[in-house]
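Okay, target08.pdb is below, PDB, C-alpha atoms and all ligand atoms:
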```pdb
ATOM      1  CA  MET A   1      -4.312  22.128 -12.747
ATOM      2  CA  SER A   2      -7.322  21.523 -10.488
ATOM      3  CA  ILE A   3     -10.439  19.401 -10.634
ATOM      4  CA  TRP A   4     -12.415  22.577 -11.321
ATOM      5  CA  ASP A   5     -10.664  23.425 -14.591
ATOM      6  CA  PRO A   6     -12.692  22.798 -17.734
ATOM      7  CA  VAL A   7     -12.027  19.360 -19.180
ATOM      8  CA  PRO A   8     -11.162  19.044 -22.874
ATOM      9  CA  ALA A   9     -13.713  17.406 -25.162
ATOM     10  CA  LEU A  10     -14.232  13.684 -24.643
ATOM     11  CA  PRO A  11     -13.047  11.233 -27.271
ATOM     12  CA  ALA A  12     -15.848  10.520 -29.756
ATOM     13  CA  THR A  13     -15.757   6.840 -28.765
ATOM     14  CA  VAL A  14     -17.341   7.561 -25.348
ATOM     15  CA  ASP A  15     -21.045   6.731 -25.463
ATOM     16  CA  THR A  16     -22.639   9.296 -23.181
ATOM     17  CA  THR A  17     -26.150   8.049 -23.900
ATOM     18  CA  GLN A  18     -25.594   4.892 -21.837
ATOM     19  CA  PRO A  19     -25.562   5.392 -18.063
ATOM     20  CA  SER A  20     -22.378   4.397 -16.287
ATOM     21  CA  ALA A  21     -22.079   3.325 -12.641
ATOM     22  CA  ALA A  22     -18.813   5.297 -12.353
ATOM     23  CA  ARG A  23     -20.471   8.500 -13.513
ATOM     24  CA  ALA A  24     -23.537   7.878 -11.328
ATOM     25  CA  TYR A  25     -21.135   7.560  -8.355
ATOM     26  CA  ASP A  26     -19.646  10.915  -9.358
ATOM     27  CA  TYR A  27     -23.166  12.384  -9.370
ATOM     28  CA  PHE A  28     -23.907  10.949  -5.902
ATOM     29  CA  LEU A  29     -20.736  12.641  -4.623
ATOM     30  CA  GLY A  30     -21.840  15.969  -6.104
ATOM     31  CA  GLY A  31     -19.398  15.826  -9.034
ATOM     32  CA  SER A  32     -20.013  17.297 -12.461
ATOM     33  CA  HIS A  33     -18.517  14.612 -14.700
ATOM     34  CA  ASN A  34     -21.741  12.910 -15.626
ATOM     35  CA  PHE A  35     -24.192  13.157 -18.469
ATOM     36  CA  ALA A  36     -27.980  13.314 -18.811
ATOM     37  CA  ALA A  37     -28.279   9.510 -19.064
ATOM     38  CA  ASP A  38     -26.157   9.097 -15.905
ATOM     39  CA  ARG A  39     -28.205  11.658 -13.986
ATOM     40  CA  GLU A  40     -31.466  10.059 -15.085
ATOM     41  CA  PHE A  41     -30.197   6.671 -13.917
ATOM     42  CA  ALA A  42     -28.797   8.128 -10.680
ATOM     43  CA  ASN A  43     -32.097   9.863  -9.945
ATOM     44  CA  GLN A  44     -33.938   6.573 -10.460
ATOM     45  CA  VAL A  45     -31.535   4.981  -7.972
ATOM     46  CA  LEU A  46     -32.052   7.844  -5.525
ATOM     47  CA  ALA A  47     -35.807   7.380  -5.711
ATOM     48  CA  ILE A  48     -35.569   3.711  -4.729
ATOM     49  CA  ALA A  49     -32.398   3.763  -2.598
ATOM     50  CA  PRO A  50     -32.081   7.190  -0.972
ATOM     51  CA  SER A  51     -29.282   5.980   1.326
ATOM     52  CA  ILE A  52     -26.815   5.601  -1.542
ATOM     53  CA  PRO A  53     -25.265   9.106  -1.481
ATOM     54  CA  ALA A  54     -24.599   8.632   2.245
ATOM     55  CA  VAL A  55     -22.870   5.293   1.586
ATOM     56  CA  THR A  56     -20.729   6.851  -1.147
ATOM     57  CA  ARG A  57     -19.633   9.609   1.256
ATOM     58  CA  LEU A  58     -18.845   7.075   4.000
ATOM     59  CA  ASN A  59     -16.847   5.107   1.450
ATOM     60  CA  ARG A  60     -14.887   8.150   0.333
ATOM     61  CA  SER A  61     -14.145   9.007   3.946
ATOM     62  CA  PHE A  62     -12.926   5.438   4.572
ATOM     63  CA  LEU A  63     -10.607   5.771   1.553
ATOM     64  CA  ARG A  64      -9.069   8.928   3.026
ATOM     65  CA  ARG A  65      -8.489   7.330   6.443
ATOM     66  CA  ALA A  66      -7.067   4.164   4.878
ATOM     67  CA  VAL A  67      -4.610   6.205   2.778
ATOM     68  CA  HIS A  68      -3.588   8.177   5.877
ATOM     69  CA  TYR A  69      -3.030   4.923   7.720
ATOM     70  CA  CYS A  70      -0.821   3.618   4.902
ATOM     71  CA  LEU A  71       1.173   6.863   4.883
ATOM     72  CA  ASP A  72       1.584   6.654   8.668
ATOM     73  CA  GLN A  73       2.963   3.139   8.195
ATOM     74  CA  GLY A  74       5.577   4.442   5.779
ATOM     75  CA  ILE A  75       3.877   3.448   2.519
ATOM     76  CA  ARG A  76       4.984   5.802  -0.251
ATOM     77  CA  GLN A  77       3.509   4.119  -3.332
ATOM     78  CA  PHE A  78      -0.074   3.199  -4.145
ATOM     79  CA  LEU A  79      -1.921   1.147  -6.722
ATOM     80  CA  ASP A  80      -5.502   2.401  -6.640
ATOM     81  CA  LEU A  81      -7.823  -0.067  -8.425
ATOM     82  CA  GLY A  82     -11.164   1.256  -9.649
ATOM     83  CA  SER A  83     -10.106   4.751  -8.675
ATOM     84  CA  GLY A  84     -13.142   6.407 -10.242
ATOM     85  CA  ILE A  85     -13.736   9.868 -11.619
ATOM     86  CA  PRO A  86     -11.455  12.229  -9.703
ATOM     87  CA  THR A  87     -13.281  14.151  -7.048
ATOM     88  CA  VAL A  88     -12.056  15.803  -3.877
ATOM     89  CA  GLY A  89      -9.658  13.711  -1.791
ATOM     90  CA  ASN A  90      -8.021  11.446  -4.357
ATOM     91  CA  THR A  91      -5.160   9.305  -3.097
ATOM     92  CA  HIS A  92      -2.358  11.582  -4.350
ATOM     93  CA  GLN A  93      -4.140  14.600  -2.904
ATOM     94  CA  VAL A  94      -4.412  12.928   0.522
ATOM     95  CA  ALA A  95      -0.639  12.408   0.440
ATOM     96  CA  ASP A  96      -0.004  15.943  -0.851
ATOM     97  CA  ALA A  97      -2.169  17.410   1.902
ATOM     98  CA  ALA A  98      -0.141  15.441   4.454
ATOM     99  CA  GLY A  99       3.039  16.874   2.934
ATOM    100  CA  ILE A 100       4.224  13.404   1.891
ATOM    101  CA  ALA A 101       5.707  12.624  -1.503
ATOM    102  CA  ALA A 102       3.962   9.484  -2.737
ATOM    103  CA  ARG A 103       3.734   7.777  -6.115
ATOM    104  CA  VAL A 104       0.269   6.733  -7.261
ATOM    105  CA  VAL A 105      -0.980   4.629 -10.158
ATOM    106  CA  TYR A 106      -4.714   4.883 -10.629
ATOM    107  CA  VAL A 107      -6.524   2.199 -12.606
ATOM    108  CA  ASP A 108     -10.011   2.486 -14.062
ATOM    109  CA  ASN A 109     -11.680   0.937 -17.071
ATOM    110  CA  GLU A 110     -14.244   3.688 -17.468
ATOM    111  CA  PRO A 111     -13.308   6.087 -20.289
ATOM    112  CA  VAL A 112     -14.594   9.251 -18.620
ATOM    113  CA  ALA A 113     -12.790   8.428 -15.371
ATOM    114  CA  TYR A 114      -9.620   7.866 -17.375
ATOM    115  CA  HIS A 115     -10.036  10.974 -19.486
ATOM    116  CA  HIS A 116     -10.823  13.260 -16.574
ATOM    117  CA  ALA A 117      -8.097  11.819 -14.352
ATOM    118  CA  GLN A 118      -5.549  12.370 -17.101
ATOM    119  CA  HIS A 119      -6.631  15.982 -17.202
ATOM    120  CA  VAL A 120      -6.501  16.419 -13.411
ATOM    121  CA  LEU A 121      -3.104  14.769 -13.172
ATOM    122  CA  GLY A 122      -1.761  16.830 -16.064
ATOM    123  CA  GLY A 123       1.960  16.454 -16.254
ATOM    124  CA  SER A 124       2.388  14.924 -12.798
ATOM    125  CA  GLU A 125       5.647  13.028 -12.527
ATOM    126  CA  THR A 126       4.446  11.001  -9.564
ATOM    127  CA  ALA A 127       0.803  10.112 -10.260
ATOM    128  CA  THR A 128      -0.794   8.637 -13.334
ATOM    129  CA  ILE A 129      -3.881   6.757 -14.472
ATOM    130  CA  ILE A 130      -3.989   3.758 -16.723
ATOM    131  CA  GLN A 131      -7.147   2.651 -18.476
ATOM    132  CA  ALA A 132      -7.387  -1.067 -17.858
ATOM    133  CA  ASP A 133      -9.581  -3.745 -16.424
ATOM    134  CA  MET A 134      -8.092  -4.378 -12.985
ATOM    135  CA  ARG A 135      -8.644  -8.119 -13.586
ATOM    136  CA  ASP A 136      -6.074  -7.986 -16.372
ATOM    137  CA  LEU A 137      -2.969  -8.138 -14.190
ATOM    138  CA  PRO A 138      -0.420  -7.935 -17.006
ATOM    139  CA  ALA A 139      -2.180  -4.835 -18.403
ATOM    140  CA  VAL A 140      -1.929  -3.201 -14.978
ATOM    141  CA  LEU A 141       1.365  -4.462 -13.608
ATOM    142  CA  ASP A 142       3.375  -4.508 -16.826
ATOM    143  CA  HIS A 143       2.143  -1.122 -17.981
ATOM    144  CA  PRO A 144       5.155   1.166 -18.548
ATOM    145  CA  ASP A 145       3.735   3.755 -16.115
ATOM    146  CA  THR A 146       3.279   1.146 -13.389
ATOM    147  CA  ARG A 147       6.839  -0.049 -13.947
ATOM    148  CA  ARG A 148       8.113   3.519 -13.882
ATOM    149  CA  LEU A 149       6.308   4.589 -10.723
ATOM    150  CA  LEU A 150       5.944   1.517  -8.540
ATOM    151  CA  ASP A 151       8.723  -0.623  -7.100
ATOM    152  CA  PHE A 152       7.211  -3.973  -6.159
ATOM    153  CA  THR A 153      10.288  -4.959  -4.169
ATOM    154  CA  GLN A 154       9.104  -2.341  -1.641
ATOM    155  CA  PRO A 155       5.763  -2.170   0.220
ATOM    156  CA  VAL A 156       2.842  -0.870  -1.814
ATOM    157  CA  GLY A 157      -0.588   0.327  -0.701
ATOM    158  CA  LEU A 158      -3.079  -1.637  -2.801
ATOM    159  CA  LEU A 159      -6.496   0.020  -2.750
ATOM    160  CA  ALA A 160      -9.630  -1.814  -3.863
ATOM    161  CA  VAL A 161     -12.091   0.641  -2.407
ATOM    162  CA  GLY A 162     -15.699   0.576  -3.557
ATOM    163  CA  VAL A 163     -14.912  -1.586  -6.561
ATOM    164  CA  LEU A 164     -15.093  -5.288  -5.648
ATOM    165  CA  LEU A 165     -18.867  -4.950  -5.357
ATOM    166  CA  TYR A 166     -18.926  -5.113  -9.177
ATOM    167  CA  LEU A 167     -17.323  -8.558  -9.272
ATOM    168  CA  GLU A 168     -19.152 -11.839  -8.946
ATOM    169  CA  ASP A 169     -17.715 -14.529  -6.668
ATOM    170  CA  PRO A 170     -15.101 -15.938  -6.689
ATOM    171  CA  GLN A 171     -13.446 -13.052  -8.540
ATOM    172  CA  PRO A 172     -12.728 -10.691  -5.589
ATOM    173  CA  ALA A 173     -10.827 -13.368  -3.646
ATOM    174  CA  GLU A 174      -8.971 -14.510  -6.767
ATOM    175  CA  LEU A 175      -8.114 -10.952  -7.749
ATOM    176  CA  LEU A 176      -6.754  -9.981  -4.331
ATOM    177  CA  GLY A 177      -4.887 -13.282  -4.144
ATOM    178  CA  ALA A 178      -3.252 -12.645  -7.531
ATOM    179  CA  TYR A 179      -2.176  -9.079  -6.698
ATOM    180  CA  ARG A 180      -1.004 -10.219  -3.313
ATOM    181  CA  GLN A 181       1.532 -12.547  -4.988
ATOM    182  CA  ARG A 182       3.218  -9.450  -6.390
ATOM    183  CA  LEU A 183       3.276  -7.434  -3.157
ATOM    184  CA  ALA A 184       6.331  -7.168  -0.918
ATOM    185  CA  PRO A 185       5.959  -7.987   2.798
ATOM    186  CA  GLY A 186       4.683  -4.962   4.679
ATOM    187  CA  SER A 187       2.406  -3.945   1.820
ATOM    188  CA  LEU A 188      -1.072  -2.896   2.884
ATOM    189  CA  VAL A 189      -4.330  -3.839   1.185
ATOM    190  CA  ALA A 190      -7.400  -1.643   1.753
ATOM    191  CA  VAL A 191     -10.825  -2.904   0.753
ATOM    192  CA  SER A 192     -14.337  -1.558   1.115
ATOM    193  CA  THR A 193     -17.523  -3.009  -0.263
ATOM    194  CA  LEU A 194     -21.282  -3.081  -0.066
ATOM    195  CA  THR A 195     -23.196  -5.201   2.442
ATOM    196  CA  ASP A 196     -26.777  -5.578   3.598
ATOM    197  CA  GLU A 197     -26.024  -8.159   6.260
ATOM    198  CA  HIS A 198     -27.101  -6.099   9.276
ATOM    199  CA  ALA A 199     -29.353  -3.718   7.390
ATOM    200  CA  SER A 200     -32.811  -2.915   8.721
ATOM    201  CA  PRO A 201     -35.690  -4.340   6.678
ATOM    202  CA  GLU A 202     -36.098  -0.886   5.091
ATOM    203  CA  LEU A 203     -32.422  -0.640   4.083
ATOM    204  CA  ARG A 204     -32.456  -4.220   2.865
ATOM    205  CA  ALA A 205     -35.440  -3.429   0.671
ATOM    206  CA  GLU A 206     -33.530  -0.444  -0.721
ATOM    207  CA  MET A 207     -30.591  -2.712  -1.534
ATOM    208  CA  GLU A 208     -32.849  -5.172  -3.358
ATOM    209  CA  LEU A 209     -34.240  -2.379  -5.525
ATOM    210  CA  LEU A 210     -30.754  -0.975  -6.058
ATOM    211  CA  ARG A 211     -29.483  -4.333  -7.228
ATOM    212  CA  GLY A 212     -32.340  -4.575  -9.683
ATOM    213  CA  ALA A 213     -31.635  -1.099 -11.072
ATOM    214  CA  TYR A 214     -27.898  -1.780 -11.557
ATOM    215  CA  GLU A 215     -28.623  -5.164 -13.062
ATOM    216  CA  SER A 216     -31.033  -3.588 -15.568
ATOM    217  CA  ALA A 217     -28.351  -1.013 -16.429
ATOM    218  CA  GLY A 218     -25.945  -3.871 -17.189
ATOM    219  CA  GLU A 219     -23.692  -3.198 -14.166
ATOM    220  CA  PRO A 220     -24.767  -5.702 -11.499
ATOM    221  CA  VAL A 221     -23.555  -5.189  -7.936
ATOM    222  CA  TYR A 222     -23.089  -7.820  -5.239
ATOM    223  CA  PRO A 223     -23.551  -6.986  -1.538
ATOM    224  CA  ARG A 224     -21.570  -9.396   0.694
ATOM    225  CA  ASP A 225     -21.718 -10.529   4.266
ATOM    226  CA  HIS A 226     -18.887 -10.346   6.793
ATOM    227  CA  ALA A 227     -17.800 -13.993   6.470
ATOM    228  CA  GLU A 228     -17.663 -13.791   2.657
ATOM    229  CA  ILE A 229     -15.511 -10.657   2.697
ATOM    230  CA  LEU A 230     -13.180 -12.063   5.363
ATOM    231  CA  ARG A 231     -12.261 -14.858   2.948
ATOM    232  CA  TRP A 232     -10.864 -12.225   0.555
ATOM    233  CA  PHE A 233      -8.170 -11.545   3.163
ATOM    234  CA  ASP A 234      -6.908 -15.121   3.384
ATOM    235  CA  GLY A 235      -3.172 -15.101   4.002
ATOM    236  CA  LEU A 236      -3.136 -11.443   5.062
ATOM    237  CA  ASP A 237      -2.981 -10.007   8.590
ATOM    238  CA  LEU A 238      -5.978  -7.830   9.309
ATOM    239  CA  ILE A 239      -5.160  -4.540  10.998
ATOM    240  CA  ASP A 240      -7.252  -3.703  14.066
ATOM    241  CA  PRO A 241     -10.202  -3.373  14.297
ATOM    242  CA  GLY A 242     -10.581  -5.865  11.431
ATOM    243  CA  LEU A 243     -13.492  -5.819   9.036
ATOM    244  CA  VAL A 244     -16.053  -3.323  10.325
ATOM    245  CA  THR A 245     -18.619  -0.894   9.002
ATOM    246  CA  LEU A 246     -16.984   1.991   7.151
ATOM    247  CA  PRO A 247     -17.151   4.706   9.834
ATOM    248  CA  GLU A 248     -16.031   2.249  12.513
ATOM    249  CA  TRP A 249     -12.670   1.728  10.818
ATOM    250  CA  HIS A 250     -10.334   4.095  12.707
ATOM    251  CA  PRO A 251     -13.318   6.334  13.467
ATOM    252  CA  GLN A 252     -12.959  10.080  13.364
ATOM    253  CA  ASP A 253     -16.431  11.458  13.073
ATOM    254  CA  GLN A 254     -19.405  10.909  15.358
ATOM    255  CA  VAL A 255     -21.788  12.120  12.650
ATOM    256  CA  GLU A 256     -20.582   9.311  10.397
ATOM    257  CA  LEU A 257     -20.862   6.786  13.228
ATOM    258  CA  ASP A 258     -24.487   7.827  13.700
ATOM    259  CA  ASP A 259     -25.268   7.728   9.974
ATOM    260  CA  PRO A 260     -28.286   5.503   9.284
ATOM    261  CA  ALA A 261     -26.511   4.222   6.125
ATOM    262  CA  LYS A 262     -23.636   2.832   8.239
ATOM    263  CA  PRO A 263     -24.757  -0.836   7.978
ATOM    264  CA  LEU A 264     -24.407  -0.750   4.173
ATOM    265  CA  GLY A 265     -20.617  -0.781   3.884
ATOM    266  CA  TYR A 266     -17.723  -2.786   5.293
ATOM    267  CA  GLY A 267     -14.062  -1.821   5.177
ATOM    268  CA  ALA A 268     -10.740  -3.234   6.319
ATOM    269  CA  VAL A 269      -7.002  -2.859   5.855
ATOM    270  CA  ALA A 270      -4.663  -5.854   5.977
ATOM    271  CA  ARG A 271      -0.898  -6.312   5.880
ATOM    272  CA  VAL A 272       1.036  -8.700   3.673
ATOM    273  CA  PRO A 273       3.076 -10.804   6.141
TER     274      PRO A 273
HETATM  275  C1  LIG B 301     -17.830   3.251  -6.973
HETATM  276  S1  LIG B 301     -16.427   3.815  -7.886
HETATM  277  C2  LIG B 301     -15.217   3.898  -6.586
HETATM  278  C3  LIG B 301     -14.208   4.971  -6.783
HETATM  279  C4  LIG B 301     -13.167   5.105  -5.689
HETATM  280  N1  LIG B 301     -12.373   3.893  -5.549
HETATM  281  C5  LIG B 301     -13.810   5.427  -4.368
HETATM  282  O1  LIG B 301     -13.901   4.518  -3.535
HETATM  283  O2  LIG B 301     -14.268   6.551  -4.173
HETATM  284  C6  LIG B 301     -15.920   2.310  -8.715
HETATM  285  C7  LIG B 301     -14.973   2.528  -9.888
HETATM  286  O3  LIG B 301     -14.443   1.265 -10.272
HETATM  287  C8  LIG B 301     -14.371   1.211 -11.667
HETATM  288  N2  LIG B 301     -14.366  -0.212 -12.080
HETATM  289  C9  LIG B 301     -15.356  -1.113 -11.989
HETATM  290  N3  LIG B 301     -14.959  -2.312 -12.438
HETATM  291  C10 LIG B 301     -13.665  -2.164 -12.823
HETATM  292  C11 LIG B 301     -12.704  -3.044 -13.393
HETATM  293  N4  LIG B 301     -12.998  -4.325 -13.642
HETATM  294  N5  LIG B 301     -11.469  -2.573 -13.659
HETATM  295  C12 LIG B 301     -11.164  -1.255 -13.419
HETATM  296  N6  LIG B 301     -12.045  -0.375 -12.879
HETATM  297  C13 LIG B 301     -13.275  -0.817 -12.588
HETATM  298  C14 LIG B 301     -15.587   1.969 -12.147
HETATM  299  O4  LIG B 301     -15.405   2.445 -13.476
HETATM  300  C15 LIG B 301     -15.653   3.109 -11.123
HETATM  301  O5  LIG B 301     -14.953   4.232 -11.580
END
```
Let me see the structure of the file written as structure tokens.
Ligand SMILES: C[S@@+](CC[C@H](N)C(=O)[O-])C[C@H]1O[C@@H](n2cnc3c(N)ncnc32)[C@H](O)[C@@H]1O
Amino acid sequence: MSIWDPVPALPATVDTTQPSAARAYDYFLGGSHNFAADREFANQVLAIAPSIPAVTRLNRSFLRRAVHYCLDQGIRQFLDLGSGIPTVGNTHQVADAAGIAARVVYVDNEPVAYHHAQHVLGGSETATIIQADMRDLPAVLDHPDTRRLLDFTQPVGLLAVGVLLYLEDPQPAELLGAYRQRLAPGSLVAVSTLTDEHASPELRAEMELLRGAYESAGEPVYPRDHAEILRWFDGLDLIDPGLVTLPEWHPQDQVELDDPAKPLGYGAVARVP
């Protein structure tokens, strides 16, 4: 089964007339799992914050490099929080492409992300998605699929990529701290999020308008500065080069390093001591 196969009809409970940030993100990445209301919202965002598709691509590229890093460190199981609507380069596909057998539990609370991921994953024995709010630790960690696929006595790759921007302080630090209690030493935690700290006045203005648009849509987002994000890693050992802009984390691509949207995202990977 591939991401290009037709997806079965959505459950009737999914309200496709309300825009969703998850489906707008899919639209920014060039995906097709979005509806008219999502596209209308996404186009409004594009009009006021044209850098957003570039940030989403930089974020997706960071995710791929972070997963590769985890695999290189011997991590063979992942908990991917806020995994989104499957597009190219999902965590299990990064491992597959590297020829490494890994077990992956995706978590998303958005019904279309859940529905489509279920379809993409089909009958996979080693990757699954659960529909849950990542803040509900028992719903995530005690889910039968999580128990079946992940062994928390062994290192896990915990991914919170492009998702903590939806949480108001102090939730990101509390959330990472709570998951961290369950992670074995040697586990790796990858985080990326939105920032406008070193943005030009033009980019900063875009971020202000973007925040307003997401707030009006009922999905507020919170850009953070470096010092705020560093606090999320309390008790963890940051991997070199620490918390940096997305393309600067284990850089691979000069085009990304030169991207004008670079100042809008930070990423880091840290180890549980
Ligand atoms: C911007 S997308 C990021 C997708 C993917 N992690 C990536 O970086 O490409 C954020 C995803 O997080 C999901 N999300 C937001 N808040 C969540 C929560 N509290 N629990 C679970 N998923 C959440 C959204 O539904 C969306 O699919």
Can you work out which one of A:Leu10, A:Leu238, A:Ala199, A:Leu58 has the shortest atom-to-atom distance to Gly186 in chain A, counting all atoms listed in the file?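 Using all atoms listed in the file, Gly186 in chain A sits closest to A:Leu238.
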Apply the PyMOL selection byres (((chain A and resi 16-18) around 12) and not hetatm) to the displayed file and report the matching residues as a list in words.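 Expected selection for the PyMOL selection byres (((chain A and resi 16-18) around 12) and not hetatm) here is Leu10, Pro11, Ala12, Thr13, Val14, Asp15, Pro19, Ser20, Ala21, Ala22, Arg23, Ala24, His33, Asn34, Phe35, Ala36, Ala37, Asp38, Arg39, Glu40, Phe41, Glu110, Pro111, Val112, Ser216, Ala217, Gly218 and Glu219 of chain A.
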Nearest to ligand LIG 301 (chain B), restricted to all atoms listed in the file and choosing among A:Ala227, A:Val88, A:Ala113, A:Leu188, comes out as A:Ala113
Produce the centre coordinates and the three edge lengths, each in Å to one decimal, of the box along x, y and z that contains all listed atoms of ligand LIG 301 (chain B) with 5 Å added on each side, as AutoDock Vina command-line options.
```
--center_x -14.5 --center_y 1.1 --center_z -8.6 --size_x 16.7 --size_y 20.9 --size_z 20.1
```
Resolved residues for the PyMOL selection byres (((not hetatm)) within 9 of (chain B and resi 301)) as a compact mmCIF listing (two decimals) with C-alpha atoms, in the frame of the given file:
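Listing of out-v1.txt after writing:
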```
# COMPACT_ATOMS: atom_id res chain seq x y z
CA SER A 20 -22.38 4.40 -16.29
CA ALA A 21 -22.08 3.32 -12.64
CA ALA A 22 -18.81 5.30 -12.35
CA ARG A 23 -20.47 8.50 -13.51
CA ALA A 24 -23.54 7.88 -11.33
CA TYR A 25 -21.14 7.56 -8.36
CA ASP A 26 -19.65 10.92 -9.36
CA LEU A 29 -20.74 12.64 -4.62
CA THR A 56 -20.73 6.85 -1.15
CA ARG A 57 -19.63 9.61 1.26
CA ASN A 59 -16.85 5.11 1.45
CA ARG A 60 -14.89 8.15 0.33
CA SER A 61 -14.14 9.01 3.95
CA PHE A 62 -12.93 5.44 4.57
CA LEU A 63 -10.61 5.77 1.55
CA ASP A 80 -5.50 2.40 -6.64
CA LEU A 81 -7.82 -0.07 -8.43
CA GLY A 82 -11.16 1.26 -9.65
CA SER A 83 -10.11 4.75 -8.68
CA GLY A 84 -13.14 6.41 -10.24
CA ILE A 85 -13.74 9.87 -11.62
CA PRO A 86 -11.46 12.23 -9.70
CA THR A 87 -13.28 14.15 -7.05
CA GLY A 89 -9.66 13.71 -1.79
CA ASN A 90 -8.02 11.45 -4.36
CA VAL A 107 -6.52 2.20 -12.61
CA ASP A 108 -10.01 2.49 -14.06
CA ASN A 109 -11.68 0.94 -17.07
CA GLU A 110 -14.24 3.69 -17.47
CA PRO A 111 -13.31 6.09 -20.29
CA VAL A 112 -14.59 9.25 -18.62
CA ALA A 113 -12.79 8.43 -15.37
CA TYR A 114 -9.62 7.87 -17.38
CA GLN A 131 -7.15 2.65 -18.48
CA ALA A 132 -7.39 -1.07 -17.86
CA ASP A 133 -9.58 -3.74 -16.42
CA MET A 134 -8.09 -4.38 -12.98
CA ARG A 135 -8.64 -8.12 -13.59
CA ASP A 136 -6.07 -7.99 -16.37
CA LEU A 159 -6.50 0.02 -2.75
CA ALA A 160 -9.63 -1.81 -3.86
CA VAL A 161 -12.09 0.64 -2.41
CA GLY A 162 -15.70 0.58 -3.56
CA VAL A 163 -14.91 -1.59 -6.56
CA LEU A 164 -15.09 -5.29 -5.65
CA LEU A 165 -18.87 -4.95 -5.36
CA TYR A 166 -18.93 -5.11 -9.18
CA LEU A 167 -17.32 -8.56 -9.27
CA SER A 192 -14.34 -1.56 1.12
CA THR A 193 -17.52 -3.01 -0.26
CA GLU A 219 -23.69 -3.20 -14.17
```
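Atom pair CA of Asp142 in chain A / CA of Tyr106 in chain A: separated by 13.9 Å.
Relative to CA of Thr245 in chain A, CA of Pro185 in chain A is found at 26.3 Å.
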Pick from A:Pro144, A:Ala127, A:Phe152, A:Ala261 nearest to Tyr179 in chain A, counting all atoms listed in the file: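 Among the listed residues, A:Phe152 lies closest to Tyr179 in chain A.
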Which neighbours of Glu208 in chain A fall inside 12 Å, counting all atoms listed in the file, when residues of the same chain fewer than 3 positions from it are skipped, and could you give them as a count of residues only? 20
Please indicate the distance in Å from CA of Arg103 in chain A to CA of Arg65 in chain A, rounded to one decimal place. 17.5 Å
Which residue is closest to Arg271 in chain A? Choose from A:Pro170, A:Gly157, A:Pro241, A:Gly177 and count only C-alpha atoms.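 Residue with the minimum atom-to-atom distance to Arg271 in chain A: A:Gly157.
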From (-27.9, 5.9, 2.5), in the file's coordinates, out to 8 Å: which residues are reached, counting only C-alpha atoms? Answer as number ranges by chain. A: 49-55, 260-262, 264
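Applied to this file, the PyMOL selection byres (((chain A and resi 270) around 10) and not hetatm) selects A:Gly157, A:Leu158, A:Gly186, A:Ser187, A:Leu188, A:Val189, A:Ala190, A:Val191, A:Phe233, A:Asp234, A:Gly235, A:Leu236, A:Asp237, A:Leu238, A:Ile239, A:Asp240, A:Gly242, A:Leu243, A:Ala268, A:Val269, A:Arg271, A:Val272, A:Pro273.
Nearest residue to Asp72 in chain A among A:Leu121, A:Ile129, A:Leu46, A:Ala102 is A:Ala102, counting all atoms listed in the file.
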Point out the residue among A:Asn43, A:Arg147, A:Leu137, A:Ala101 with the least atom-to-atom distance to Leu175 in chain A, counting all atoms listed in the file.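 Ranking A:Asn43, A:Arg147, A:Leu137, A:Ala101 by distance to Leu175 in chain A, first place goes to A:Leu137.
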Rebuild range 144-153 of chain A so that it carries N, CA and C atoms, then output the result as a PDB file, keeping the file's coordinate frame.
```pdb
ATOM      1  N   PRO A 144       3.916   0.391 -18.751  1.00  0.00           N
ATOM      2  CA  PRO A 144       5.155   1.166 -18.548  1.00  0.00           C
ATOM      3  C   PRO A 144       5.047   2.168 -17.391  1.00  0.00           C
ATOM      4  N   ASP A 145       3.870   2.767 -17.209  1.00  0.00           N
ATOM      5  CA  ASP A 145       3.735   3.755 -16.115  1.00  0.00           C
ATOM      6  C   ASP A 145       3.792   3.076 -14.751  1.00  0.00           C
ATOM      7  N   THR A 146       3.211   1.866 -14.667  1.00  0.00           N
ATOM      8  CA  THR A 146       3.279   1.146 -13.389  1.00  0.00           C
ATOM      9  C   THR A 146       4.729   0.786 -13.105  1.00  0.00           C
ATOM     10  N   ARG A 147       5.424   0.328 -14.136  1.00  0.00           N
ATOM     11  CA  ARG A 147       6.839  -0.049 -13.947  1.00  0.00           C
ATOM     12  C   ARG A 147       7.685   1.160 -13.574  1.00  0.00           C
ATOM     13  N   ARG A 148       7.334   2.296 -14.135  1.00  0.00           N
ATOM     14  CA  ARG A 148       8.113   3.519 -13.882  1.00  0.00           C
ATOM     15  C   ARG A 148       7.887   4.019 -12.453  1.00  0.00           C
ATOM     16  N   LEU A 149       6.630   3.929 -11.991  1.00  0.00           N
ATOM     17  CA  LEU A 149       6.308   4.589 -10.723  1.00  0.00           C
ATOM     18  C   LEU A 149       6.330   3.667  -9.507  1.00  0.00           C
ATOM     19  N   LEU A 150       6.065   2.390  -9.705  1.00  0.00           N
ATOM     20  CA  LEU A 150       5.944   1.517  -8.540  1.00  0.00           C
ATOM     21  C   LEU A 150       7.082   0.503  -8.502  1.00  0.00           C
ATOM     22  N   ASP A 151       7.640   0.341  -7.315  1.00  0.00           N
ATOM     23  CA  ASP A 151       8.723  -0.623  -7.100  1.00  0.00           C
ATOM     24  C   ASP A 151       8.160  -1.754  -6.237  1.00  0.00           C
ATOM     25  N   PHE A 152       7.887  -2.887  -6.876  1.00  0.00           N
ATOM     26  CA  PHE A 152       7.211  -3.973  -6.159  1.00  0.00           C
ATOM     27  C   PHE A 152       8.146  -4.762  -5.249  1.00  0.00           C
ATOM     28  N   THR A 153       9.416  -4.346  -5.184  1.00  0.00           N
ATOM     29  CA  THR A 153      10.288  -4.959  -4.169  1.00  0.00           C
ATOM     30  C   THR A 153      10.087  -4.248  -2.826  1.00  0.00           C
TER      31      THR A 153
END
```
